[in-house]
Amino acid sequence: MIEFEHVSKQYSQDAYALKDVSLSIGAGELIFLAGPSGAGKSTLLKMIAGIEKPTAGQVKVNGQDISKLKSSSLPYLRRKLGLILQDQKLLTDRHVLANVMLPIIVTGASQAEAETRARIALEKVGLPDKAYSMPLALSGGEQQRVAIARAIVNRPQIILADEPTAFLDRDNANKVLGALKAFQSAGVTCIISSHDEQFLDQASRVIYLSQGKVVETWKSSLAA
Ligand code: ADP
Ligand code: ADP
């Protein structure tokens with residue numbers, strides 16, 4: 001489903017974010033992308049979404065070479081992806097329901113259909129009562145679950161989450177983890193970058209990055 005073939009990302013003479021990474025991720029996997037800060041985890045996730053382009057090698061999603069996609073085709077790729085990235089904050093000037101409806105509205109769906117689907121997404125992340133709350137009135141964990149609802153509202157095949165439990169306490173982190181795990185059980189491929197060791201037990205595979213290279217990849221003994 002996702003293939004990296006000798007992928008590098010070089011920012012300058014000897015600054016690599018990724019260096020000759022090859023890997024293959026199958027449908028329905030829950031990948032735990034581990035490694036220290038600066039290892040290249042965010043870069044790897046952004047490449048799957050076509051947000052960053054490799055300077056060498058190929059990234060393929062469903063057999064399609066992402067760097068060959070025209071920029072006009074990228075929105076169609078991104079609709080198949082649920083993105084939970086660090087720099088995509090909720091819009092603070094509108095309530096939760098409006099935030100979650102937005103990705104559906106841009107596909108041209110009616111308000112009524114968007115609202116129905118957004119409410120279903122909020123139920124899946126355990127926040128059906130927060131539809132009319134403003135994002136800043138929610139706890140960090142609740143905001144993160146709204147971001148997950150927004151990411152999955154178009155029923156993506158793949159969820160990419162960058163440090164989804166950063167800054168959350170154990171209880172909230174578990175709820176976020178539970179929500180992601182439920183999508184994987186429903187057949188969605190999840191790739192989650194994290195320092196959070198809780199993900200280890202839940203992952204079908206761990207990919208460990210260091211200084212832009214895959215240094216280890218192993219199957220969890222408790223693989224799903
Ligand atoms: P991680 O998510 O594992 O913390 P990143 O993918 O964010 O790692 O970063 C990998 C490396 O690439 C880091 O050394 C970072 O400083 C560098 N890097 C990331 N983005 C840029 C950029 N736009 N320009 C230059 N260097 C960058
Ligand atoms: P259904 O046929 O009832 O839509 P599925 O077998 O497709 O159910 O999925 C099982 C559950 O997981 C349902 O609640 C469905 O809404 C949910 N689900 C499946 N795929 C996704 C996805 N990509 N994003 C969000 N929810 C999903």
# chains A, B, ... in the order shown; residues from 1 in each chain; ligands from 1
>>> closest_atom_pairs(of="chain A", to="ligand 2", cutoff="6 Å", atoms="only C-alpha atoms and all ligand atoms", output="JSON lines")
{"residue": "A:Ile152", "atom": "CA", "partner": "ligand 2", "partner_atom_place_in_ligand_line": "24 (N)", "distance": 4.7}
{"residue": "A:Arg155", "atom": "CA", "partner": "ligand 2", "partner_atom_place_in_ligand_line": "23 (N)", "distance": 3.4}
{"residue": "A:Pro156", "atom": "CA", "partner": "ligand 2", "partner_atom_place_in_ligand_line": "23 (N)", "distance": 4.1}
{"residue": "A:Gln157", "atom": "CA", "partner": "ligand 2", "partner_atom_place_in_ligand_line": "23 (N)", "distance": 5.1}
{"residue": "A:Phe183", "atom": "CA", "partner": "ligand 2", "partner_atom_place_in_ligand_line": "27 (C)", "distance": 6.0}
{"residue": "A:Ala186", "atom": "CA", "partner": "ligand 2", "partner_atom_place_in_ligand_line": "12 (O)", "distance": 4.5}
{"residue": "A:Val188", "atom": "CA", "partner": "ligand 2", "partner_atom_place_in_ligand_line": "23 (N)", "distance": 5.5}
>>> residues_near_ligand(ligand="ligand 1", cutoff="6 Å", atoms="only C-alpha atoms and all ligand atoms", output="ChimeraX atom specification")
/A:11,17,37-43
>>> write_last_selection(atoms="all heavy atoms", output="short mmCIF file (atom, residue, chain, number, x, y, z; two decimals), in the first residue's frame")
data_model
loop_
_atom_site.label_atom_id
_atom_site.label_comp_id
_atom_site.auth_asym_id
_atom_site.auth_seq_id
_atom_site.Cartn_x
_atom_site.Cartn_y
_atom_site.Cartn_z
N TYR A 11 18.43 18.48 2.83
CA TYR A 11 18.10 19.91 2.90
C TYR A 11 19.28 20.77 2.48
O TYR A 11 19.11 21.85 1.94
CB TYR A 11 17.63 20.29 4.30
CG TYR A 11 16.20 19.89 4.55
CD1 TYR A 11 15.89 18.87 5.43
CD2 TYR A 11 15.17 20.52 3.87
CE1 TYR A 11 14.58 18.50 5.65
CE2 TYR A 11 13.85 20.16 4.08
CZ TYR A 11 13.56 19.14 4.97
OH TYR A 11 12.27 18.77 5.17
N ALA A 17 17.36 14.73 6.16
CA ALA A 17 16.26 14.37 7.06
C ALA A 17 15.99 12.88 6.94
O ALA A 17 15.63 12.22 7.92
CB ALA A 17 15.02 15.18 6.73
N SER A 37 14.04 12.77 18.58
CA SER A 37 13.74 14.01 17.87
C SER A 37 14.76 14.23 16.78
O SER A 37 15.95 14.00 16.99
CB SER A 37 13.82 15.19 18.83
OG SER A 37 12.64 15.32 19.51
N GLY A 38 14.29 14.65 15.63
CA GLY A 38 15.20 14.94 14.53
C GLY A 38 15.56 13.72 13.70
O GLY A 38 16.34 13.80 12.76
N ALA A 39 14.97 12.56 14.03
CA ALA A 39 15.31 11.32 13.33
C ALA A 39 14.73 11.26 11.91
O ALA A 39 15.19 10.47 11.09
CB ALA A 39 14.82 10.12 14.13
N GLY A 40 13.71 12.09 11.65
CA GLY A 40 13.12 12.09 10.31
C GLY A 40 11.68 11.59 10.26
O GLY A 40 11.12 11.39 9.19
N LYS A 41 11.07 11.39 11.44
CA LYS A 41 9.72 10.82 11.50
C LYS A 41 8.68 11.72 10.81
O LYS A 41 7.89 11.24 10.00
CB LYS A 41 9.31 10.59 12.97
CG LYS A 41 10.28 9.67 13.73
CD LYS A 41 9.83 9.38 15.16
CE LYS A 41 9.74 10.59 16.07
NZ LYS A 41 11.07 11.25 16.32
N SER A 42 8.69 13.01 11.14
CA SER A 42 7.72 13.92 10.52
C SER A 42 7.92 13.99 9.01
O SER A 42 6.95 14.01 8.25
CB SER A 42 7.87 15.35 11.05
OG SER A 42 7.71 15.36 12.44
N THR A 43 9.18 14.02 8.61
CA THR A 43 9.49 14.08 7.18
C THR A 43 8.92 12.86 6.46
O THR A 43 8.32 12.98 5.40
CB THR A 43 11.02 14.17 6.98
OG1 THR A 43 11.50 15.31 7.70
CG2 THR A 43 11.38 14.29 5.52
#
>>> select_by_dssp(residues="range 20-213 of chain A", states="alpha helix (DSSP H)", output="NGL selection string")
:A and (41-48 or 74-79 or 96-105 or 111-124 or 140-152 or 170-185 or 198-202)
>>> closest_residue(among="A:Asp20, A:Glu29, A:Asp171, A:Asp87", to="Ile51 in chain A", atoms="only C-alpha atoms")
A:Asp87
>>> residues_around(residues="Leu77 in chain A", least_positions_apart="3", cutoff="12 Å", atoms="only C-alpha atoms", output="ChimeraX atom specification")
/A:47-51,60-62,64-67,69-74,80-83,154,156-158
>>> select_by_dssp(residues="range 192-221 of chain A", states="strand (DSSP E or B)", output="ChimeraX atom specification")
/A:192-193,205-210,213-218
>>> closest_residue(among="A:Val106, A:Ile84, A:Leu90, A:Met101", to="Glu163 in chain A", atoms="only C-alpha atoms")
A:Ile84
>>> residues_around(residues="His95 in chain A", least_positions_apart="6", cutoff="8 Å", atoms="only C-alpha atoms", output="list in words")
Ala131, Tyr132, Ser133, Met134 and Pro135 of chain A
>>> residues_around(residues="Gln10 in chain A", least_positions_apart="5", cutoff="10 Å", atoms="only C-alpha atoms", output="ChimeraX atom specification")
/A:15-19,54-56,212
>>> write_last_selection(atoms="all heavy atoms", output="PDB file, in the first residue's frame")
ATOM      1  N   ALA A  15      23.055  17.918   5.296  1.00  0.00           N
ATOM      2  CA  ALA A  15      21.894  17.806   6.178  1.00  0.00           C
ATOM      3  C   ALA A  15      20.822  16.944   5.515  1.00  0.00           C
ATOM      4  O   ALA A  15      20.151  17.364   4.577  1.00  0.00           O
ATOM      5  CB  ALA A  15      21.336  19.198   6.489  1.00  0.00           C
ATOM      6  N   TYR A  16      20.729  15.722   6.013  1.00  0.00           N
ATOM      7  CA  TYR A  16      19.709  14.794   5.524  1.00  0.00           C
ATOM      8  C   TYR A  16      18.616  14.634   6.569  1.00  0.00           C
ATOM      9  O   TYR A  16      18.902  14.385   7.735  1.00  0.00           O
ATOM     10  CB  TYR A  16      20.315  13.413   5.292  1.00  0.00           C
ATOM     11  CG  TYR A  16      21.126  13.267   4.033  1.00  0.00           C
ATOM     12  CD1 TYR A  16      22.481  13.550   4.014  1.00  0.00           C
ATOM     13  CD2 TYR A  16      20.513  12.831   2.856  1.00  0.00           C
ATOM     14  CE1 TYR A  16      23.231  13.403   2.856  1.00  0.00           C
ATOM     15  CE2 TYR A  16      21.260  12.684   1.690  1.00  0.00           C
ATOM     16  CZ  TYR A  16      22.613  12.974   1.698  1.00  0.00           C
ATOM     17  OH  TYR A  16      23.350  12.821   0.554  1.00  0.00           O
ATOM     18  N   ALA A  17      17.358  14.728   6.158  1.00  0.00           N
ATOM     19  CA  ALA A  17      16.264  14.372   7.058  1.00  0.00           C
ATOM     20  C   ALA A  17      15.985  12.876   6.939  1.00  0.00           C
ATOM     21  O   ALA A  17      15.628  12.221   7.918  1.00  0.00           O
ATOM     22  CB  ALA A  17      15.021  15.177   6.730  1.00  0.00           C
ATOM     23  N   LEU A  18      16.148  12.334   5.722  1.00  0.00           N
ATOM     24  CA  LEU A  18      16.033  10.889   5.501  1.00  0.00           C
ATOM     25  C   LEU A  18      17.157  10.472   4.569  1.00  0.00           C
ATOM     26  O   LEU A  18      17.531  11.219   3.659  1.00  0.00           O
ATOM     27  CB  LEU A  18      14.688  10.518   4.854  1.00  0.00           C
ATOM     28  CG  LEU A  18      13.430  10.632   5.703  1.00  0.00           C
ATOM     29  CD1 LEU A  18      12.223  10.225   4.855  1.00  0.00           C
ATOM     30  CD2 LEU A  18      13.495   9.764   6.957  1.00  0.00           C
ATOM     31  N   LYS A  19      17.686   9.278   4.812  1.00  0.00           N
ATOM     32  CA  LYS A  19      18.831   8.816   4.027  1.00  0.00           C
ATOM     33  C   LYS A  19      18.614   7.374   3.582  1.00  0.00           C
ATOM     34  O   LYS A  19      18.611   6.470   4.397  1.00  0.00           O
ATOM     35  CB  LYS A  19      20.094   8.917   4.897  1.00  0.00           C
ATOM     36  CG  LYS A  19      21.349   9.172   4.107  1.00  0.00           C
ATOM     37  CD  LYS A  19      22.477   9.602   5.046  1.00  0.00           C
ATOM     38  CE  LYS A  19      23.720   9.937   4.258  1.00  0.00           C
ATOM     39  NZ  LYS A  19      24.789  10.419   5.133  1.00  0.00           N
ATOM     40  N   PRO A  54      10.738  13.772  -1.979  1.00  0.00           N
ATOM     41  CA  PRO A  54      12.078  13.217  -1.825  1.00  0.00           C
ATOM     42  C   PRO A  54      13.070  13.910  -2.765  1.00  0.00           C
ATOM     43  O   PRO A  54      12.671  14.352  -3.838  1.00  0.00           O
ATOM     44  CB  PRO A  54      11.924  11.743  -2.205  1.00  0.00           C
ATOM     45  CG  PRO A  54      10.600  11.582  -2.829  1.00  0.00           C
ATOM     46  CD  PRO A  54       9.778  12.800  -2.538  1.00  0.00           C
ATOM     47  N   THR A  55      14.316  14.012  -2.339  1.00  0.00           N
ATOM     48  CA  THR A  55      15.346  14.514  -3.257  1.00  0.00           C
ATOM     49  C   THR A  55      15.963  13.348  -4.022  1.00  0.00           C
ATOM     50  O   THR A  55      16.633  13.542  -5.021  1.00  0.00           O
ATOM     51  CB  THR A  55      16.430  15.318  -2.500  1.00  0.00           C
ATOM     52  OG1 THR A  55      16.808  14.610  -1.315  1.00  0.00           O
ATOM     53  CG2 THR A  55      15.905  16.682  -2.080  1.00  0.00           C
ATOM     54  N   ALA A  56      15.753  12.117  -3.550  1.00  0.00           N
ATOM     55  CA  ALA A  56      16.142  10.921  -4.304  1.00  0.00           C
ATOM     56  C   ALA A  56      15.181   9.802  -3.947  1.00  0.00           C
ATOM     57  O   ALA A  56      14.625   9.786  -2.851  1.00  0.00           O
ATOM     58  CB  ALA A  56      17.574  10.520  -3.967  1.00  0.00           C
ATOM     59  N   GLY A 212      17.833   9.796  10.231  1.00  0.00           N
ATOM     60  CA  GLY A 212      17.354   9.687   8.859  1.00  0.00           C
ATOM     61  C   GLY A 212      17.395   8.288   8.269  1.00  0.00           C
ATOM     62  O   GLY A 212      17.048   8.089   7.115  1.00  0.00           O
TER      63      GLY A 212
END
>>> closest_residue(among="A:Asp14, A:Val206, A:Ile2, A:Leu45", to="Gln86 in chain A", atoms="only C-alpha atoms")
A:Leu45
>>> closest_residue(among="A:Arg150, A:Lys9, A:Lys124, A:Lys181", to="Arg79 in chain A", atoms="only C-alpha atoms")
A:Arg150
>>> closest_residue(among="A:Val100, A:His195, A:Thr92, A:Ser22", to="Leu138 in chain A", atoms="only C-alpha atoms")
A:Thr92
>>> closest_residue(among="A:Met1, A:Leu200, A:Ala161, A:Val153", to="Thr116 in chain A", atoms="only C-alpha atoms")
A:Val153
>>> atom_distance(atom1="CA of Arg170 in chain A", atom2="CA of Arg145 in chain A")
14.2 Å
>>> residues_around(residues="Gly178 in chain A", least_positions_apart="6", cutoff="10 Å", atoms="only C-alpha atoms", output="PyMOL selection string")
chain A and resi 125+172+184+202
